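Coordinates as given in data-v7.csv (CSV, C-alpha atoms):
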```csv
chain,number,residue,atom,x,y,z
A,1,MET,CA,-0.6,17.2,-13.1
A,2,ASN,CA,1.7,14.9,-15.0
A,3,TYR,CA,5.1,15.5,-13.4
A,4,PHE,CA,7.2,13.8,-16.1
A,5,SER,CA,5.6,15.6,-19.0
A,6,ASP,CA,5.9,18.9,-17.1
A,7,LEU,CA,9.6,18.2,-16.4
A,8,LYS,CA,10.1,17.3,-20.1
A,9,GLU,CA,8.4,20.4,-21.3
A,10,HIS,CA,10.5,22.6,-18.9
A,11,LEU,CA,13.7,21.1,-20.3
A,12,ILE,CA,12.5,21.6,-23.9
A,13,LYS,CA,11.6,25.3,-23.2
A,14,ASP,CA,15.0,25.7,-21.5
A,15,GLY,CA,16.7,24.6,-24.7
A,16,GLN,CA,18.2,21.4,-23.3
A,17,HIS,CA,19.2,18.4,-25.4
A,18,SER,CA,16.8,15.5,-25.3
A,19,TYR,CA,19.2,13.3,-23.4
A,20,ARG,CA,18.8,15.6,-20.4
A,21,TYR,CA,15.4,14.2,-19.8
A,22,ASP,CA,16.7,10.7,-19.9
A,23,GLN,CA,19.3,11.7,-17.3
A,24,LEU,CA,16.6,13.3,-15.1
A,25,TYR,CA,14.3,10.2,-15.3
A,26,ARG,CA,17.2,8.0,-14.4
A,27,ALA,CA,18.1,10.2,-11.4
A,28,LEU,CA,14.6,10.2,-10.1
A,29,THR,CA,13.6,6.5,-10.7
A,30,ILE,CA,16.9,4.6,-10.5
A,31,GLU,CA,19.2,6.7,-8.4
A,32,ASN,CA,16.3,7.9,-6.3
A,33,VAL,CA,17.7,11.3,-5.6
A,34,GLN,CA,15.7,13.4,-3.1
A,35,SER,CA,16.8,16.8,-4.4
A,36,PHE,CA,17.6,18.3,-7.8
A,37,ASP,CA,21.0,19.3,-6.2
A,38,LYS,CA,21.9,15.6,-6.1
A,39,ILE,CA,21.8,15.2,-9.9
A,40,SER,CA,25.5,15.5,-10.3
A,41,ASN,CA,25.7,15.3,-14.1
A,42,PHE,CA,23.5,18.4,-14.4
A,43,PRO,CA,25.1,21.9,-14.6
A,44,LYS,CA,24.5,24.1,-11.6
A,45,GLU,CA,22.3,26.5,-13.6
A,46,LEU,CA,20.0,23.6,-14.7
A,47,ARG,CA,19.6,22.3,-11.2
A,48,GLY,CA,18.8,25.8,-10.0
A,49,GLY,CA,16.2,26.3,-12.8
A,50,LEU,CA,14.4,23.0,-11.8
A,51,LYS,CA,14.4,24.0,-8.1
A,52,LYS,CA,12.9,27.4,-9.0
A,53,CYS,CA,10.2,26.0,-11.3
A,54,PHE,CA,9.4,22.9,-9.2
A,55,PRO,CA,10.1,24.1,-5.6
A,56,ASN,CA,8.0,21.4,-3.8
A,57,PHE,CA,8.7,18.6,-6.2
A,58,PHE,CA,10.2,16.2,-3.7
A,59,PRO,CA,8.1,15.0,-0.7
A,60,ALA,CA,10.1,15.6,2.4
A,61,VAL,CA,10.8,13.2,5.2
A,62,THR,CA,10.1,15.2,8.4
A,63,ASP,CA,10.4,12.3,10.8
A,64,LYS,CA,11.8,8.8,10.7
A,65,VAL,CA,11.2,6.2,13.5
A,66,THR,CA,13.1,3.0,13.5
A,67,GLY,CA,11.8,-0.2,15.2
A,68,SER,CA,13.0,-3.7,15.5
A,69,ASP,CA,12.0,-4.7,12.0
A,70,CYS,CA,10.6,-1.5,10.4
A,71,VAL,CA,11.2,2.1,9.6
A,72,LYS,CA,8.3,4.4,9.6
A,73,PHE,CA,8.6,7.6,7.5
A,74,LEU,CA,6.5,10.7,8.1
A,75,ILE,CA,6.3,12.4,4.7
A,76,GLU,CA,5.3,16.0,4.1
A,77,LEU,CA,3.7,16.7,0.7
A,78,LYS,CA,3.7,19.8,-1.4
A,79,ASP,CA,0.8,21.4,0.4
A,80,GLY,CA,2.1,20.7,3.9
A,81,LEU,CA,-0.2,17.6,4.5
A,82,LYS,CA,1.5,14.5,5.7
A,83,VAL,CA,1.3,10.7,5.2
A,84,GLU,CA,3.0,7.7,6.7
A,85,SER,CA,4.8,4.9,4.9
A,86,VAL,CA,6.7,1.9,6.3
A,87,LEU,CA,9.8,0.0,5.2
A,88,ILE,CA,9.5,-3.6,6.5
A,89,HIS,CA,12.5,-5.9,6.7
A,90,ASP,CA,12.2,-9.6,6.9
A,91,ASP,CA,15.4,-11.5,7.6
A,92,LYS,CA,14.0,-14.9,6.9
A,93,ARG,CA,12.8,-14.0,3.4
A,94,GLY,CA,15.6,-11.5,2.7
A,95,SER,CA,13.0,-9.0,1.7
A,96,ASN,CA,12.4,-5.2,2.1
A,97,THR,CA,8.8,-4.3,1.5
A,98,VAL,CA,7.5,-0.7,1.4
A,99,CYS,CA,3.9,-0.2,2.6
A,100,CYS,CA,2.6,2.8,0.8
A,101,SER,CA,-0.3,5.2,1.4
A,102,SER,CA,-2.6,6.2,-1.4
A,103,GLN,CA,-4.6,9.0,0.3
A,104,VAL,CA,-4.4,11.5,3.1
A,105,GLY,CA,-6.9,10.0,5.4
A,106,CYS,CA,-9.7,7.7,4.2
A,107,LYS,CA,-13.4,7.8,3.4
A,108,LEU,CA,-14.3,4.3,4.5
A,109,ASN,CA,-14.4,4.6,8.3
A,110,CYS,CA,-13.5,1.0,9.1
A,111,SER,CA,-14.0,0.5,12.8
A,112,PHE,CA,-10.6,-1.1,13.5
A,113,CYS,CA,-8.4,1.4,11.5
A,114,ALA,CA,-6.6,4.4,13.0
A,115,THR,CA,-6.6,6.2,9.7
A,116,ALA,CA,-10.4,6.4,9.9
A,117,GLU,CA,-10.1,8.9,12.7
A,118,MET,CA,-8.7,11.5,10.3
A,119,GLY,CA,-11.5,11.4,7.9
A,120,PHE,CA,-10.7,12.0,4.2
A,121,ILE,CA,-8.6,14.9,3.1
A,122,ARG,CA,-7.4,14.2,-0.4
A,123,ASP,CA,-5.9,11.7,-2.9
A,124,LEU,CA,-2.2,11.3,-3.5
A,125,ASP,CA,-1.0,11.8,-7.0
A,126,GLN,CA,1.2,9.5,-9.1
A,127,TRP,CA,4.5,10.9,-7.9
A,128,GLU,CA,3.4,11.1,-4.2
A,129,ILE,CA,2.6,7.4,-4.2
A,130,ALA,CA,5.7,6.3,-6.0
A,131,SER,CA,7.9,8.6,-4.1
A,132,GLN,CA,7.3,6.6,-0.9
A,133,VAL,CA,9.1,3.7,-2.5
A,134,PHE,CA,11.9,5.9,-3.8
A,135,ILE,CA,12.4,7.4,-0.3
A,136,ALA,CA,12.7,4.0,1.2
A,137,ALA,CA,15.2,3.0,-1.6
A,138,ASP,CA,17.2,6.1,-0.8
A,139,HIS,CA,17.2,5.1,2.9
A,140,LEU,CA,18.8,1.7,2.0
A,141,ARG,CA,21.4,3.3,-0.3
A,142,GLY,CA,24.9,2.5,0.8
A,143,SER,CA,23.9,-0.9,2.2
A,144,ASN,CA,23.6,-4.2,0.3
A,145,GLU,CA,19.9,-4.0,0.6
A,146,LYS,CA,17.3,-3.2,-2.1
A,147,ILE,CA,13.6,-2.8,-2.2
A,148,THR,CA,12.1,-6.2,-3.1
A,149,ASN,CA,8.4,-5.5,-2.8
A,150,ALA,CA,5.8,-2.7,-2.6
A,151,VAL,CA,2.3,-3.0,-1.1
A,152,ILE,CA,-0.4,-0.3,-1.3
A,153,MET,CA,-1.8,-1.1,2.1
A,154,GLY,CA,-1.2,2.1,4.0
A,155,MET,CA,-3.5,5.1,4.6
A,156,GLY,CA,-6.4,5.3,2.3
A,157,GLU,CA,-8.4,3.1,-0.1
A,158,PRO,CA,-6.3,2.6,-3.3
A,159,PHE,CA,-9.2,1.8,-5.6
A,160,LEU,CA,-10.9,5.2,-4.8
A,161,ASN,CA,-7.8,6.8,-6.2
A,162,TYR,CA,-7.5,4.3,-9.1
A,163,ASP,CA,-6.0,6.4,-12.0
A,164,ASN,CA,-3.2,7.8,-9.8
A,165,LEU,CA,-2.6,4.4,-8.3
A,166,ILE,CA,-2.1,2.7,-11.7
A,167,LYS,CA,0.2,5.5,-13.0
A,168,ALA,CA,2.3,5.1,-9.8
A,169,LEU,CA,2.5,1.3,-10.1
A,170,ASP,CA,3.4,1.6,-13.8
A,171,LEU,CA,6.2,4.0,-12.8
A,172,LEU,CA,7.5,1.6,-10.3
A,173,ASN,CA,7.3,-1.3,-12.8
A,174,ASP,CA,8.9,0.5,-15.7
A,175,GLU,CA,11.8,-1.5,-17.0
A,176,ASP,CA,13.6,1.7,-18.0
A,177,GLY,CA,13.3,3.0,-14.4
A,178,PHE,CA,12.8,1.5,-11.0
A,179,SER,CA,12.0,-1.9,-12.6
A,180,LEU,CA,10.1,-3.5,-9.7
A,181,GLY,CA,8.4,-6.6,-11.1
A,182,ALA,CA,4.6,-6.5,-11.3
A,183,ARG,CA,4.4,-9.7,-9.3
A,184,ARG,CA,6.3,-8.0,-6.5
A,185,ILE,CA,3.6,-5.3,-6.2
A,186,ALA,CA,0.3,-5.8,-4.4
A,187,VAL,CA,-2.8,-3.6,-3.9
A,188,SER,CA,-5.1,-4.1,-1.0
A,189,THR,CA,-8.8,-3.0,-1.3
A,190,ALA,CA,-11.6,-3.0,1.1
A,191,GLY,CA,-13.8,-4.3,-1.7
A,192,ILE,CA,-14.5,-1.6,-4.3
A,193,THR,CA,-16.1,-4.2,-6.7
A,194,PRO,CA,-16.1,-2.2,-10.0
A,195,MET,CA,-12.4,-1.4,-9.6
A,196,ILE,CA,-11.5,-5.0,-9.0
A,197,LYS,CA,-13.0,-5.8,-12.3
A,198,ARG,CA,-11.1,-3.0,-14.0
A,199,PHE,CA,-7.9,-4.0,-12.2
A,200,SER,CA,-8.1,-7.5,-13.5
A,201,LYS,CA,-8.2,-6.3,-17.1
A,202,ALA,CA,-5.5,-3.7,-16.8
A,203,SER,CA,-2.6,-5.1,-14.9
A,204,GLN,CA,-0.5,-8.0,-13.7
A,205,PHE,CA,-0.2,-6.6,-10.2
A,206,ASN,CA,-1.3,-8.7,-7.2
A,207,LEU,CA,-4.7,-8.2,-5.5
A,208,ALA,CA,-5.4,-8.4,-1.8
A,209,ILE,CA,-9.0,-8.0,-0.4
A,210,SER,CA,-9.7,-7.0,3.1
A,211,LEU,CA,-12.5,-9.5,4.1
A,212,HIS,CA,-12.5,-9.6,7.9
A,213,SER,CA,-15.9,-11.3,8.2
A,214,PRO,CA,-17.7,-14.0,6.2
A,215,PHE,CA,-21.1,-12.6,7.1
A,216,GLN,CA,-22.7,-9.6,5.3
A,217,LYS,CA,-24.2,-7.8,8.4
A,218,GLU,CA,-21.2,-8.3,10.5
A,219,ARG,CA,-18.9,-7.1,7.7
A,220,GLU,CA,-21.0,-4.0,7.4
A,221,GLN,CA,-20.4,-3.2,11.1
A,222,LEU,CA,-16.7,-3.6,10.6
A,223,MET,CA,-16.5,-2.0,7.2
A,224,PRO,CA,-19.4,0.3,6.2
A,225,ILE,CA,-18.4,0.1,2.5
A,226,ALA,CA,-19.8,-3.4,2.5
A,227,LYS,CA,-23.3,-1.9,2.4
A,228,LYS,CA,-22.6,-0.5,-1.0
A,229,TYR,CA,-20.6,-3.5,-2.3
A,230,PRO,CA,-22.1,-6.6,-0.6
A,231,LEU,CA,-20.2,-9.7,0.2
A,232,TRP,CA,-21.7,-11.9,-2.6
A,233,GLN,CA,-20.8,-9.2,-5.1
A,234,LEU,CA,-17.3,-9.0,-3.8
A,235,MET,CA,-16.6,-12.7,-3.9
A,236,LYS,CA,-18.0,-12.9,-7.4
A,237,ALA,CA,-15.6,-10.1,-8.4
A,238,ALA,CA,-12.7,-12.1,-6.8
A,239,GLU,CA,-13.7,-15.2,-8.6
A,240,GLN,CA,-13.7,-13.3,-11.9
A,241,TYR,CA,-10.3,-11.9,-11.1
A,242,VAL,CA,-9.0,-15.4,-10.8
A,243,LEU,CA,-10.6,-16.4,-14.1
A,244,ASP,CA,-9.3,-13.4,-15.9
A,245,THR,CA,-5.7,-13.5,-14.6
A,246,SER,CA,-5.1,-17.1,-13.3
A,247,ARG,CA,-3.5,-15.3,-10.3
A,248,LYS,CA,-4.0,-15.9,-6.7
A,249,VAL,CA,-6.1,-13.5,-4.6
A,250,MET,CA,-5.1,-12.9,-1.0
A,251,LEU,CA,-8.1,-12.6,1.3
A,252,GLU,CA,-6.9,-10.7,4.4
A,253,TYR,CA,-8.7,-11.7,7.6
A,254,LEU,CA,-8.0,-9.6,10.7
A,255,LEU,CA,-8.3,-11.7,13.8
A,256,LEU,CA,-10.6,-9.9,16.2
A,257,ASP,CA,-11.2,-11.8,19.4
A,258,GLY,CA,-14.8,-12.6,20.1
A,259,ILE,CA,-15.9,-10.9,16.8
A,260,ASN,CA,-14.9,-13.1,13.9
A,261,THR,CA,-13.0,-16.2,15.3
A,262,SER,CA,-15.8,-18.5,16.3
A,263,PRO,CA,-16.3,-22.0,14.6
A,264,ARG,CA,-19.4,-20.5,12.9
A,265,HIS,CA,-17.2,-17.8,11.3
A,266,LEU,CA,-14.4,-20.2,10.4
A,267,ASP,CA,-16.8,-22.7,8.8
A,268,ARG,CA,-18.4,-20.0,6.7
A,269,LEU,CA,-14.9,-18.6,5.8
A,270,LYS,CA,-13.9,-22.1,4.5
A,271,GLU,CA,-17.1,-22.2,2.4
A,272,LEU,CA,-16.3,-18.8,0.8
A,273,THR,CA,-12.7,-19.6,0.0
A,274,LYS,CA,-12.9,-23.0,-1.7
A,275,ASN,CA,-11.3,-21.7,-4.9
A,276,LYS,CA,-7.8,-23.1,-5.1
A,277,LEU,CA,-6.4,-19.7,-6.0
A,278,PHE,CA,-7.8,-18.0,-2.9
A,279,THR,CA,-5.3,-17.6,0.0
A,280,ILE,CA,-6.5,-16.7,3.4
A,281,ASN,CA,-4.0,-14.4,5.0
A,282,LEU,CA,-4.7,-14.3,8.8
A,283,VAL,CA,-3.6,-11.0,10.3
A,284,LYS,CA,-2.9,-10.6,14.0
A,285,TYR,CA,-4.6,-7.4,15.2
A,286,HIS,CA,-2.7,-4.8,17.2
A,287,PRO,CA,-5.0,-2.4,19.0
A,288,THR,CA,-5.4,1.3,18.0
A,289,ALA,CA,-7.9,3.3,19.9
A,290,SER,CA,-10.6,0.9,18.9
A,291,MET,CA,-12.5,-1.6,21.1
A,292,TYR,CA,-10.9,-4.7,19.5
A,293,THR,CA,-8.3,-7.1,20.7
A,294,SER,CA,-6.5,-10.0,19.1
A,295,PRO,CA,-6.9,-13.7,20.2
A,296,GLY,CA,-3.8,-15.2,21.9
A,297,ASP,CA,-1.1,-17.0,20.0
A,298,LYS,CA,-2.4,-20.4,21.1
A,299,GLU,CA,-5.9,-19.7,19.7
A,300,ILE,CA,-4.4,-18.3,16.5
A,301,SER,CA,-2.5,-21.5,16.0
A,302,LEU,CA,-5.7,-23.5,16.5
A,303,ILE,CA,-7.5,-21.3,14.0
A,304,MET,CA,-4.8,-21.9,11.4
A,305,ASP,CA,-4.9,-25.7,12.0
A,306,TYR,CA,-8.7,-25.7,11.7
A,307,LEU,CA,-8.7,-23.9,8.4
A,308,ARG,CA,-5.8,-25.9,7.0
A,309,ASN,CA,-7.4,-29.2,7.8
A,310,SER,CA,-10.0,-28.5,5.2
A,311,GLY,CA,-7.4,-28.1,2.6
A,312,GLY,CA,-7.4,-24.3,2.6
A,313,ASP,CA,-4.4,-22.2,1.7
A,314,VAL,CA,-3.7,-20.3,4.9
A,315,THR,CA,-0.9,-18.0,5.9
A,316,LEU,CA,-0.3,-15.9,9.0
A,317,ARG,CA,0.9,-12.3,8.9
A,318,ARG,CA,2.1,-11.1,12.2
A,319,SER,CA,2.0,-7.4,11.8
A,320,LYS,CA,5.5,-5.9,12.1
A,321,GLY,CA,6.2,-2.4,13.4
A,322,VAL,CA,4.0,-2.7,16.5
A,323,ASP,CA,6.7,-1.0,18.6
A,324,ILE,CA,6.5,2.1,16.4
A,325,ASP,CA,2.8,2.2,15.7
A,326,ALA,CA,3.4,1.0,12.1
A,327,ALA,CA,1.4,-2.3,12.2
A,328,CYS,CA,-1.7,-3.0,10.3
A,329,GLY,CA,-4.4,-0.4,10.8
A,330,GLN,CA,-2.1,1.8,13.0
A,331,LEU,CA,-1.1,4.5,10.5
A,332,ALA,CA,-2.6,7.9,11.3
A,333,ILE,CA,-1.2,11.4,11.4
A,334,LYS,CA,-2.1,12.9,14.8
A,335,GLU,CA,-1.1,16.4,13.9
A,336,THR,CA,-3.1,16.6,10.6
A,337,PRO,CA,-6.5,18.1,11.2
A,338,SER,CA,-9.4,15.9,10.1
A,339,LYS,CA,-12.2,17.1,7.8
```
Here is the file; what I need is its structure written in the form of structure tokens.
Amino acid sequence: MNYFSDLKEHLIKDGQHSYRYDQLYRALTIENVQSFDKISNFPKELRGGLKKCFPNFFPAVTDKVTGSDCVKFLIELKDGLKVESVLIHDDKRGSNTVCCSSQVGCKLNCSFCATAEMGFIRDLDQWEIASQVFIAADHLRGSNEKITNAVIMGMGEPFLNYDNLIKALDLLNDEDGFSLGARRIAVSTAGITPMIKRFSKASQFNLAISLHSPFQKEREQLMPIAKKYPLWQLMKAAEQYVLDTSRKVMLEYLLLDGINTSPRHLDRLKELTKNKLFTINLVKYHPTASMYTSPGDKEISLIMDYLRNSGGDVTLRRSKGVDIDAACGQLAIKETPSK
């Protein structure tokens, strides 16, 4: 389904002037209305017709949990299934980032991720992905705050829903609509190599890769998808992305105590990331129901120093939203039956 062509076709069949579609598009993507009733410059009859023909058009927020630095939204889709998204506020940077889901559940079964417990149910469509940003923007309405960034790092593997993903990002990036800059949008993949190659040719959006181990066999244990797309192939694709785009690639490295933090791991990680446009993004792990734990803050500081001393570009992302189960790897709908 292409929601916008369907809406346009409906307006044409209803005998509306062409400017009505422009008004509708503005209401959805700039004003971020969450109901046809909120389109104040539409006649009541036109609003009613849209509601009748598109009864479940707007994903509904069924729960909203506010933490110290995040708001987690539970969003019900047109078929009653639910996903989670997170609005992350950073005072220091003055940023408001929306972490969006791309699927209901996930196929990849990564051992550290709560979403894996659900299994895979279905892909989100273009509107369902983009709406997570619009919902967060509507939440900020009335304040002086705006959405500054969007990351597709929530539930699901974005590159296994590639076509809908790109349509959603193009919608967010559209200068005539929401107009979020391409360089303020990032997509995180577990390493679907063919899609990385396609992504580098098709967009100026940022790329993040979940690495989590510099050794093939160990990475397979953490992320079974590594068996299909081995580490050497993944790193080659990342190198090609850099050549094609001259853009940085963020290599996410979840710190798992006793699993991937030894000198042996760090030395190998340094070897893999010698490219000047690779950034190692260390991520402090916050437990789900898995067996893993994070190293302490002192050890994390030592790890950062060790990697930086070799000239590497290293950052630390302390997962926000821990107090509301909205940190990295924690998004999962307990009430949605797995398949």
(request) Please identify all polymer residues within 7 Å of Tyr285 of chain A, counting all atoms listed in the file, omitting same-chain residues fewer than 2 positions from it, and present them as an MDAnalysis selection string. (result) chainID A and resid 254:256 283 287 293:294
If you keep C-alpha atoms, can you produce a file of those selected residues as a PDB file, in the frame of the given file?
```
ATOM      1  CA  LEU A 254      -8.000  -9.600  10.700  1.00  0.00           C
ATOM      2  CA  LEU A 255      -8.300 -11.700  13.800  1.00  0.00           C
ATOM      3  CA  LEU A 256     -10.600  -9.900  16.200  1.00  0.00           C
ATOM      4  CA  VAL A 283      -3.600 -11.000  10.300  1.00  0.00           C
ATOM      5  CA  PRO A 287      -5.000  -2.400  19.000  1.00  0.00           C
ATOM      6  CA  THR A 293      -8.300  -7.100  20.700  1.00  0.00           C
ATOM      7  CA  SER A 294      -6.500 -10.000  19.100  1.00  0.00           C
TER       8      SER A 294
END
```
(request) Can you pull out every residue within 9 Å of Gly48 of chain A, counting all atoms listed in the file, but drop anything in the same chain fewer than 5 positions away, and send it as a VMD selection string? (result) chain A and resid 36 to 37 43 53
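Non-sequential neighbours of Ala60 of chain A (distance at most 12 Å, separation of 3 or more positions within a chain, only C-alpha atoms) are Val33, Gln34, Ser35, Pro55, Asn56, Phe57, Asp63, Lys64, Phe73, Leu74, Ile75, Glu76, Leu77, Lys78, Asp79, Gly80, Leu81, Lys82, Val83, Glu84, Glu128, Ser131, Gln132, Phe134, Ile135 and Ala136 of chain A.
Selection around (18.4, 3.8, -0.4) with radius 12 Å, counting all atoms listed in the file, yields the residues Thr29, Ile30, Glu31, Asn32, Val33, Gln34, Leu87, Asn96, Val98, Gln132, Val133, Phe134, Ile135, Ala136, Ala137, Asp138, His139, Leu140, Arg141, Gly142, Ser143, Asn144, Glu145, Lys146 and Ile147 of chain A.
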(request) Point out the residue among A:Asn173, A:Gln204, A:Asn41, A:Asn109 with the least atom-to-atom distance to Ala190 of chain A, counting all atoms listed in the file. (result) A:Asn109
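The smallest atom-to-atom distance between Gly191 of chain A and any of A:Leu172, A:Ala208, A:Met155, A:Leu302, using only C-alpha atoms, is found for A:Ala208.
Residues within 10 Å of Tyr241 of chain A, counting all atoms listed in the file and excluding same-chain residues fewer than 4 positions away, are A:Ile196, A:Lys197, A:Arg198, A:Phe199, A:Ser200, A:Lys201, A:Leu207, A:Met235, A:Lys236, A:Ala237, A:Thr245, A:Ser246, A:Arg247, A:Lys248, A:Val249.
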(request) Grab the atom CA of Val151 of chain A to atom CA of Gly312 of chain A distance for me, in Å with one decimal place. (result) 23.7 Å
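Atom pair atom CA of Leu28 of chain A / atom CA of Asp91 of chain A has a distance of 28.0 Å (rounded to one decimal).
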